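Structure file query.txt (compact mmCIF, C-alpha atoms) follows.
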```txt
# COMPACT_ATOMS: atom_id res chain seq x y z
CA MET A 1 35.35 9.75 -43.21
CA ASP A 2 32.38 11.81 -44.44
CA ILE A 3 30.14 10.04 -41.90
CA MET A 4 32.56 10.86 -39.08
CA ILE A 5 32.68 14.53 -40.11
CA PHE A 6 28.88 14.76 -40.04
CA ALA A 7 28.89 12.97 -36.68
CA ILE A 8 31.16 15.58 -35.03
CA PRO A 9 28.40 18.16 -34.34
CA VAL A 10 26.15 15.37 -33.07
CA PHE A 11 28.87 14.32 -30.62
CA PHE A 12 29.11 17.82 -29.20
CA ILE A 13 25.35 18.26 -29.00
CA LEU A 14 25.08 15.04 -26.99
CA ILE A 15 27.97 16.13 -24.75
CA GLY A 16 26.06 19.36 -24.14
CA VAL A 17 22.91 17.41 -23.27
CA GLU A 18 24.89 15.24 -20.84
CA LEU A 19 26.32 18.38 -19.22
CA ILE A 20 22.80 19.79 -18.74
CA ILE A 21 21.56 16.52 -17.23
CA ALA A 22 24.53 16.40 -14.87
CA LYS A 23 23.81 19.99 -13.82
CA LEU A 24 20.15 19.16 -13.14
CA GLN A 25 21.17 16.07 -11.17
CA ARG A 26 23.84 18.08 -9.32
CA THR A 27 26.57 15.62 -10.21
CA GLN A 28 30.01 16.43 -11.57
CA LEU A 29 30.63 14.30 -14.63
CA TYR A 30 33.05 16.66 -16.37
CA ARG A 31 36.26 18.49 -15.57
CA LEU A 32 37.33 20.96 -18.24
CA SER A 33 40.97 19.86 -18.44
CA ASP A 34 40.01 16.19 -18.66
CA ALA A 35 37.41 16.81 -21.35
CA VAL A 36 39.84 18.90 -23.42
CA SER A 37 42.44 16.15 -23.04
CA ASN A 38 39.98 13.46 -24.11
CA ILE A 39 38.86 15.36 -27.20
CA SER A 40 42.48 16.30 -27.99
CA CYS A 41 43.36 12.59 -28.05
CA GLY A 42 40.48 12.05 -30.48
CA VAL A 43 41.67 14.92 -32.67
CA THR A 44 45.20 13.50 -32.65
CA GLN A 45 43.88 10.07 -33.58
CA GLN A 46 41.82 11.42 -36.48
CA VAL A 47 44.63 13.57 -37.88
CA VAL A 48 47.31 10.88 -37.63
CA GLY A 49 44.82 8.24 -38.76
CA VAL A 50 44.29 10.00 -42.09
CA PHE A 51 47.83 9.04 -43.07
CA LEU A 52 47.91 5.61 -41.41
CA LYS A 53 44.67 4.54 -43.10
CA ILE A 54 46.33 4.92 -46.49
CA ALA A 55 48.39 1.85 -45.58
CA THR A 56 45.85 -0.09 -43.51
CA LEU A 57 42.87 0.28 -45.84
CA GLY A 58 45.22 -0.13 -48.80
CA LEU A 59 46.30 -3.55 -47.49
CA TYR A 60 42.66 -4.60 -47.02
CA THR A 61 41.82 -3.45 -50.55
CA PHE A 62 44.83 -5.22 -52.05
CA ILE A 63 43.90 -8.53 -50.42
CA TYR A 64 40.28 -8.14 -51.50
CA HIS A 65 41.17 -7.57 -55.15
CA GLN A 66 43.91 -10.20 -55.35
CA TYR A 67 42.93 -13.02 -53.00
CA ARG A 68 39.20 -12.90 -52.14
CA ILE A 69 37.44 -16.24 -52.04
CA PHE A 70 33.83 -15.16 -52.58
CA ASP A 71 31.97 -12.38 -54.37
CA PHE A 72 29.21 -11.14 -52.10
CA ALA A 73 26.25 -9.21 -53.51
CA ASN A 74 25.08 -6.02 -51.82
CA THR A 75 22.07 -7.56 -50.06
CA TRP A 76 20.63 -6.97 -46.60
CA TRP A 77 21.81 -10.34 -45.30
CA VAL A 78 25.39 -9.62 -46.43
CA TYR A 79 25.32 -6.34 -44.48
CA LEU A 80 23.91 -8.16 -41.43
CA LEU A 81 26.51 -10.93 -41.72
CA LEU A 82 29.30 -8.35 -42.06
CA PHE A 83 27.98 -6.43 -39.04
CA VAL A 84 28.23 -9.53 -36.84
CA ALA A 85 31.61 -10.46 -38.35
CA VAL A 86 33.06 -6.99 -37.74
CA ASP A 87 31.92 -7.13 -34.13
CA PHE A 88 33.38 -10.64 -33.75
CA PHE A 89 36.82 -9.62 -34.98
CA TYR A 90 36.61 -6.39 -32.98
CA TYR A 91 36.04 -8.47 -29.85
CA TRP A 92 39.23 -10.44 -30.44
CA PHE A 93 41.26 -7.34 -31.28
CA HIS A 94 39.93 -5.60 -28.18
CA ARG A 95 40.53 -8.59 -25.96
CA TYR A 96 44.11 -9.10 -27.15
CA ALA A 97 44.72 -5.35 -26.90
CA HIS A 98 44.15 -5.83 -23.17
CA GLU A 99 46.00 -9.14 -22.83
CA ILE A 100 49.14 -8.57 -24.93
CA SER A 101 51.47 -5.89 -23.62
CA VAL A 102 52.74 -4.48 -26.93
CA PHE A 103 49.13 -4.23 -28.18
CA TRP A 104 47.99 -2.57 -24.94
CA GLY A 105 50.29 0.34 -25.70
CA THR A 106 48.13 1.15 -28.74
CA HIS A 107 44.88 1.01 -26.75
CA VAL A 108 45.71 2.29 -23.25
CA VAL A 109 45.00 5.90 -24.28
CA HIS A 110 41.27 5.14 -24.31
CA HIS A 111 41.39 4.07 -20.65
CA GLN A 112 43.53 6.82 -19.15
CA SER A 113 40.75 9.22 -18.21
CA GLU A 114 39.76 9.08 -14.56
CA ASP A 115 36.28 10.39 -15.42
CA TYR A 116 33.55 8.68 -17.41
CA ASN A 117 31.44 10.70 -19.80
CA LEU A 118 30.77 11.06 -23.51
CA SER A 119 34.05 12.90 -24.10
CA VAL A 120 35.87 9.71 -23.08
CA ALA A 121 34.41 8.00 -26.16
CA LEU A 122 36.48 10.39 -28.28
CA ARG A 123 39.68 9.58 -26.39
CA GLN A 124 41.45 7.20 -28.80
CA SER A 125 45.00 6.08 -29.53
CA ALA A 126 46.68 7.52 -32.61
CA PHE A 127 48.29 4.18 -33.50
CA GLN A 128 45.62 1.63 -32.57
CA VAL A 129 44.58 1.24 -36.21
CA LEU A 130 47.97 -0.36 -37.00
CA ILE A 131 46.96 -3.33 -34.83
CA SER A 132 43.17 -3.37 -35.13
CA SER A 133 43.27 -3.35 -38.94
CA LEU A 134 45.15 -6.67 -38.96
CA PHE A 135 42.28 -8.43 -37.21
CA TYR A 136 39.86 -7.47 -40.00
CA LEU A 137 41.96 -8.88 -42.86
CA PRO A 138 40.10 -12.24 -42.86
CA LEU A 139 37.07 -10.26 -44.06
CA ALA A 140 39.05 -9.14 -47.11
CA PHE A 141 40.04 -12.74 -47.87
CA LEU A 142 36.40 -13.80 -47.53
CA GLY A 143 35.36 -11.17 -50.07
CA PHE A 144 33.64 -8.34 -48.20
CA GLU A 145 34.01 -5.25 -50.38
CA PRO A 146 36.29 -2.55 -48.85
CA MET A 147 33.83 0.35 -48.84
CA THR A 148 31.09 -1.85 -47.41
CA PHE A 149 33.50 -2.89 -44.68
CA VAL A 150 34.37 0.76 -43.98
CA LEU A 151 30.66 1.64 -43.72
CA ILE A 152 29.84 -1.17 -41.28
CA ASN A 153 33.03 -0.58 -39.28
CA THR A 154 32.12 3.11 -38.98
CA ILE A 155 28.60 2.27 -37.78
CA GLN A 156 30.07 -0.12 -35.22
CA THR A 157 32.39 2.63 -34.01
CA LEU A 158 29.63 5.25 -33.83
CA TYR A 159 27.46 2.91 -31.73
CA GLN A 160 30.10 2.88 -29.02
CA PHE A 161 29.85 6.63 -28.45
CA TRP A 162 26.63 6.59 -26.40
CA ILE A 163 27.73 3.85 -24.00
CA HIS A 164 30.32 6.15 -22.40
CA THR A 165 28.00 7.71 -19.85
CA GLU A 166 26.88 7.44 -16.24
CA VAL A 167 23.62 9.24 -16.99
CA ILE A 168 22.00 6.01 -18.24
CA ASP A 169 21.77 3.32 -15.56
CA ARG A 170 20.35 0.16 -17.14
CA MET A 171 18.60 -0.72 -20.39
CA PRO A 172 15.81 -3.35 -20.62
CA ALA A 173 17.00 -6.86 -19.66
CA TRP A 174 16.74 -8.29 -23.19
CA PHE A 175 18.85 -5.40 -24.53
CA GLU A 176 21.45 -5.80 -21.76
CA PHE A 177 21.73 -9.50 -22.64
CA ILE A 178 22.50 -8.96 -26.34
CA PHE A 179 24.03 -5.51 -26.76
CA ASN A 180 26.83 -3.53 -25.19
CA THR A 181 25.37 -0.86 -22.89
CA PRO A 182 26.59 1.93 -20.62
CA SER A 183 26.47 -0.45 -17.65
CA HIS A 184 28.57 -3.09 -19.42
CA HIS A 185 31.06 -0.55 -20.69
CA ARG A 186 31.45 1.20 -17.35
CA VAL A 187 32.76 -2.16 -16.11
CA HIS A 188 35.21 -2.27 -19.00
CA HIS A 189 36.68 1.10 -17.99
CA GLY A 190 37.07 0.12 -14.34
CA ARG A 191 40.39 -0.41 -12.61
CA ASN A 192 38.68 -2.44 -9.86
CA PRO A 193 40.40 -5.89 -9.89
CA LYS A 194 37.15 -7.72 -10.69
CA TYR A 195 36.48 -5.40 -13.65
CA ILE A 196 39.90 -5.43 -15.33
CA ASP A 197 39.92 -7.01 -18.82
CA LYS A 198 36.15 -7.60 -18.95
CA ASN A 199 33.39 -6.75 -21.46
CA HIS A 200 35.40 -6.32 -24.66
CA GLY A 201 32.43 -6.27 -27.04
CA GLY A 202 31.84 -3.34 -29.36
CA THR A 203 28.17 -3.43 -30.30
CA LEU A 204 27.30 -6.90 -29.01
CA ILE A 205 27.99 -8.30 -25.55
CA ILE A 206 27.19 -11.88 -26.52
CA PHE A 207 30.81 -12.67 -27.45
CA ASP A 208 31.90 -11.80 -23.89
CA ARG A 209 29.21 -14.15 -22.59
CA LEU A 210 30.34 -16.89 -24.99
CA PHE A 211 34.08 -16.58 -24.34
CA GLY A 212 34.07 -15.99 -20.58
CA THR A 213 34.96 -12.30 -20.30
CA PHE A 214 31.57 -10.95 -19.20
CA GLN A 215 31.22 -9.14 -15.89
CA ALA A 216 28.08 -7.42 -14.65
CA GLU A 217 28.30 -4.02 -12.97
CA GLU A 218 28.11 -4.76 -9.25
CA GLU A 219 30.25 -2.34 -7.26
CA PRO A 220 30.99 1.36 -7.95
CA VAL A 221 33.45 1.66 -10.82
CA VAL A 222 36.80 3.36 -10.29
CA TYR A 223 37.87 4.67 -13.67
CA GLY A 224 41.33 4.92 -15.16
CA VAL A 225 44.42 2.73 -15.38
CA THR A 226 46.45 1.20 -12.57
CA LYS A 227 49.37 3.55 -13.30
CA PRO A 228 47.79 7.03 -13.78
CA LEU A 229 49.03 9.13 -16.70
CA ASN A 230 49.20 12.39 -14.70
CA THR A 231 49.28 14.73 -17.68
CA TRP A 232 46.70 16.25 -20.02
CA SER A 233 49.01 15.87 -23.03
CA PRO A 234 47.56 13.80 -25.91
CA ILE A 235 51.07 13.41 -27.32
CA TRP A 236 52.52 11.94 -24.13
CA ALA A 237 49.40 9.81 -23.67
CA ASN A 238 50.36 7.86 -26.80
CA VAL A 239 53.93 7.10 -25.73
CA ASP A 240 53.83 6.89 -21.92
CA TYR A 241 53.14 3.16 -21.75
CA TYR A 242 55.96 2.29 -24.15
CA LYS A 243 58.33 4.45 -22.14
CA ASP A 244 57.49 2.41 -19.03
CA LEU A 245 57.71 -0.85 -20.96
CA ALA A 246 61.19 0.01 -22.26
CA ALA A 247 62.33 0.93 -18.75
CA ASN A 248 61.04 -2.37 -17.35
CA MET A 249 62.72 -4.34 -20.13
CA GLN A 250 66.05 -2.78 -19.13
CA ARG A 251 65.59 -4.23 -15.64
CA VAL A 252 66.00 -7.81 -16.91
CA ASP A 253 69.01 -9.40 -18.59
CA ALA A 254 67.53 -12.42 -20.36
CA TRP A 255 66.28 -11.74 -23.86
CA GLY A 256 63.68 -14.46 -23.42
CA ASP A 257 62.17 -12.54 -20.51
CA ARG A 258 62.25 -9.32 -22.51
CA LEU A 259 60.35 -11.00 -25.34
CA GLN A 260 57.79 -12.32 -22.87
CA MET A 261 57.30 -8.80 -21.56
CA LEU A 262 56.11 -7.82 -25.04
CA VAL A 263 53.62 -10.65 -25.51
CA ARG A 264 52.38 -11.40 -21.99
CA ARG A 265 49.80 -9.37 -20.09
CA PRO A 266 50.60 -5.71 -19.41
CA GLY A 267 52.68 -5.33 -16.27
CA TRP A 268 54.11 -8.86 -16.39
CA LEU A 269 57.58 -9.16 -14.88
CA PRO A 270 59.79 -12.24 -14.48
CA GLU A 271 60.65 -13.44 -10.99
CA SER A 272 64.17 -12.07 -11.44
CA ALA A 273 62.64 -8.57 -11.57
CA GLY A 274 60.31 -9.10 -8.63
CA GLY A 275 57.41 -10.82 -10.40
CA THR A 276 54.12 -9.37 -11.52
CA PRO A 277 52.56 -7.10 -8.88
CA PRO A 278 48.94 -7.99 -7.98
CA PHE A 279 46.07 -5.66 -8.73
CA GLN A 280 45.23 -3.48 -5.75
CA GLU A 281 41.70 -3.03 -4.45
CA VAL A 282 40.62 0.58 -4.88
CA SER A 283 37.64 2.75 -4.02
CA ARG A 284 36.46 6.09 -5.32
CA GLU A 285 37.20 7.69 -1.96
CA GLU A 286 40.86 6.59 -2.09
CA ILE A 287 41.59 7.91 -5.57
CA GLN A 288 43.14 11.34 -5.95
CA LYS A 289 42.40 12.33 -9.54
CA TYR A 290 45.09 14.21 -11.41
CA ASP A 291 44.45 17.93 -11.55
CA ARG A 292 46.33 21.23 -11.77
CA PRO A 293 44.70 24.27 -10.12
CA LEU A 294 44.67 27.13 -12.62
CA PRO A 295 43.23 30.66 -12.77
CA THR A 296 39.84 30.86 -14.45
CA TRP A 297 41.25 33.05 -17.22
CA VAL A 298 43.63 30.25 -18.28
CA HIS A 299 40.71 27.85 -18.65
CA ILE A 300 38.81 30.44 -20.68
CA TYR A 301 41.82 31.07 -22.92
CA VAL A 302 42.38 27.36 -23.52
CA LEU A 303 38.70 26.79 -24.25
CA LEU A 304 38.58 29.59 -26.82
CA GLN A 305 41.78 28.46 -28.51
CA PHE A 306 40.60 24.86 -28.46
CA ALA A 307 37.42 25.85 -30.31
CA VAL A 308 39.61 27.29 -33.08
CA VAL A 309 41.70 24.10 -33.15
CA LEU A 310 38.57 21.97 -33.48
CA LEU A 311 37.42 24.10 -36.40
CA GLY A 312 40.81 23.71 -38.08
CA ALA A 313 40.82 19.95 -37.50
CA THR A 314 37.33 19.65 -39.00
CA ILE A 315 38.37 21.63 -42.09
CA PHE A 316 41.44 19.41 -42.42
CA LEU A 317 39.38 16.20 -42.24
CA ALA A 318 36.85 17.55 -44.72
CA THR A 319 39.45 18.52 -47.34
CA VAL A 320 42.33 16.08 -46.94
CA LYS A 321 40.84 13.17 -48.91
CA ASP A 322 41.17 15.11 -52.17
CA ASN A 323 44.52 16.71 -51.32
CA TYR A 324 46.68 14.02 -49.71
CA LEU A 325 49.86 15.04 -51.50
CA GLN A 326 49.54 18.79 -50.95
CA PRO A 327 52.07 20.40 -48.55
CA SER A 328 49.18 22.37 -47.08
CA MET A 329 47.69 19.17 -45.69
CA LEU A 330 50.86 18.25 -43.83
CA TYR A 331 51.04 21.85 -42.57
CA MET A 332 47.48 21.68 -41.25
CA ALA A 333 48.07 18.31 -39.60
CA LEU A 334 51.24 19.47 -37.84
CA SER A 335 49.53 22.72 -36.82
CA VAL A 336 46.72 20.79 -35.13
CA LEU A 337 49.15 18.47 -33.33
CA LEU A 338 51.29 21.39 -32.17
CA SER A 339 48.18 23.20 -30.95
CA VAL A 340 46.73 20.36 -28.86
CA GLY A 341 50.18 19.74 -27.38
CA SER A 342 50.68 23.40 -26.52
CA LEU A 343 47.25 23.83 -24.91
CA ALA A 344 47.82 20.67 -22.87
CA ALA A 345 51.09 22.16 -21.58
CA LEU A 346 49.13 25.19 -20.35
CA LEU A 347 46.62 22.93 -18.57
CA ASP A 348 49.53 21.00 -17.04
CA ALA A 349 50.99 24.31 -15.83
CA ARG A 350 54.36 23.48 -17.39
CA PRO A 351 56.99 26.20 -16.79
CA TRP A 352 57.68 26.34 -20.51
CA GLY A 353 54.01 26.13 -21.55
CA TRP A 354 53.52 29.80 -22.38
CA TRP A 355 56.78 29.92 -24.34
CA LEU A 356 55.50 27.03 -26.47
CA GLU A 357 52.15 28.78 -26.85
CA ILE A 358 53.83 31.99 -28.05
CA PHE A 359 55.87 29.96 -30.53
CA ARG A 360 52.68 28.29 -31.79
CA LEU A 361 50.86 31.59 -32.23
CA VAL A 362 53.77 32.97 -34.25
CA ALA A 363 54.87 29.88 -36.18
CA ILE A 364 51.52 28.64 -37.49
CA PRO A 365 50.52 31.93 -39.20
CA ALA A 366 54.09 32.53 -40.45
CA VAL A 367 54.37 29.10 -42.10
CA GLY A 368 50.83 29.43 -43.45
CA LEU A 369 51.68 32.72 -45.15
CA ALA A 370 54.86 31.20 -46.59
CA LEU A 371 52.83 28.40 -48.18
CA LEU A 372 50.41 30.79 -49.90
```
Show me this structure written as structure tokens.
Amino acid sequence: MDIMIFAIPVFFILIGVELIIAKLQRTQLYRLSDAVSNISCGVTQQVVGVFLKIATLGLYTFIYHQYRIFDFANTWWVYLLLFVAVDFFYYWFHRYAHEISVFWGTHVVHHQSEDYNLSVALRQSAFQVLISSLFYLPLAFLGFEPMTFVLINTIQTLYQFWIHTEVIDRMPAWFEFIFNTPSHHRVHHGRNPKYIDKNHGGTLIIFDRLFGTFQAEEEPVVYGVTKPLNTWSPIWANVDYYKDLAANMQRVDAWGDRLQMLVRRPGWLPESAGGTPPFQEVSREEIQKYDRPLPTWVHIYVLLQFAVVLLGATIFLATVKDNYLQPSMLYMALSVLLSVGSLAALLDARPWGWWLEIFRLVAIPAVGLALL
């Protein structure tokens, strides 16, 4: 967690650099509402993840202490072996997160943005860790020490930040062959039929080459998911897919079909419900990206408030590890979640958005004073 906190300013510096490059190249890589939504999803994931990781890392630690097979020394080759192993298990988590419907619901958040820039790297699901952590448990049985695993897993996660960009075209051929790159990952974020469910690697691309899921970038990528989210809300982003899945399950009567809808590919439907619709060919010219025209002053207000929310979230992440059981930590977490939800309602131009914002501005200070 300390590494992630120190990485936060680096993330924003690099986003600023990307913005400057886009300005110089006269290309529009960012839209304010989309970027705020992406970062809000990342904030939500980090805040919720603090509490979920108590269980997920606790399970890894328990297995390591009770059932490990080997005792690995802290040597360079163990770190290298663990790095490859983490990427291997990440590949299979990531692949199944795309191929199994109930898992896709914990990952779809990362793919909902219709833009592609460094802010998209921060757009993460709040509940993905509940699934991804299970794929790493073999490493605990093998005997890789928990904190070493956390370190390598964090490095693997940080690597994936820089590949979310259109500013970098191609890397040298040898690098493109071994490692995941912006070109490879642009493909992964595409909703073009030939790009869907391709290039699942985290740091390495060799597992995609080995297991038949590699696709080179050939045609312009159309970003997003086949059923657009059409909201800037990070809260709704985490539940929208499951809402649709539940509605589709109600369309069929057979429990066997309902079970298959959970474990088959996302969007699968039995013949009794019309069958699975094919992927539609799309082009950038055909896509109408979600947007809500707003006065400039609303964007300025949201941006200023969002800066305060980011500061509060950073303070929360920096202090929570030593104060898990303090009511103030739950208060801070809920305050951050309420704030990103309220600001998203303003960007969505919801009729009730300003009422929620007024409530937030009154409730957060009032509860804070009561806890003093």
Which distance in Å separates atom CA of A:Leu294 and atom CA of A:Ala349, to one decimal?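 Between atom CA of A:Leu294 and atom CA of A:Ala349 the gap works out to 7.6 Å.
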Could you pull the residues within 7 Å of stretch 14-30 of chain A, counting all atoms listed in the file, minus those fewer than 6 positions along the same chain, as a PyMOL selection string? chain A and resi 115-119
Name the closest residue to A:Tyr96 among the candidates A:Gln112, A:Thr148, A:Gln160, A:Thr213; distances are taken between atoms, counting all atoms listed in the file.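 Looking at the shortest contact to A:Tyr96, the residue is A:Thr213.
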Under the rule that all atoms listed in the file are counted, which of A:Leu158, A:Ile5, A:Ile100, A:Ala85 is the nearest residue to A:Ala140?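 Closest candidate: A:Ala85.
Among the candidates A:Ala73, A:Leu338, A:Val150, A:Val252, the one nearest to A:Lys53 when counting all atoms listed in the file is A:Val150.
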Show me, as a VMD selection string, the residues that have an atom within 12 Å of stretch 75-83 of chain A when counting all atoms listed in the file, minus same-chain residues fewer than 3 positions from it. chain A and resid 70 to 72 86 to 90 136 138 to 140 142 to 157 159 202 to 204
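Across the model, the gap from atom CA of A:His184 to atom CA of A:Glu217 is 6.5 Å.
The spacing separating atom CA of A:Ser335 from atom CA of A:Ile364 amounts to 6.3 Å.
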Nearest-residue call for A:Arg95, choices A:Ile196, A:Val298, A:Met261, A:Ile163, using all atoms listed in the file: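 Under the stated criterion, the closest residue is A:Ile196.
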At a cut-off of 10 Å from (41.4, 30.7, -21.4) in the coordinates of the file, what residues are picked up using only C-alpha atoms, written as a list in words? Pro295, Thr296, Trp297, Val298, His299, Ile300, Tyr301, Val302, Leu303, Leu304, Gln305, Phe306, Leu343, Leu346 and Leu347 of chain A
For A:Val50, which residue among A:His189, A:Lys321, A:Lys194, A:His107 is the nearest when counting all atoms listed in the file?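 Counting all atoms listed in the file, the residue closest to A:Val50 is A:Lys321.
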Given only C-alpha atoms as the basis, pick out the residue of A:Pro228, A:Ser283, A:Pro193, A:Ala273 nearest to A:Gln215. A:Pro193
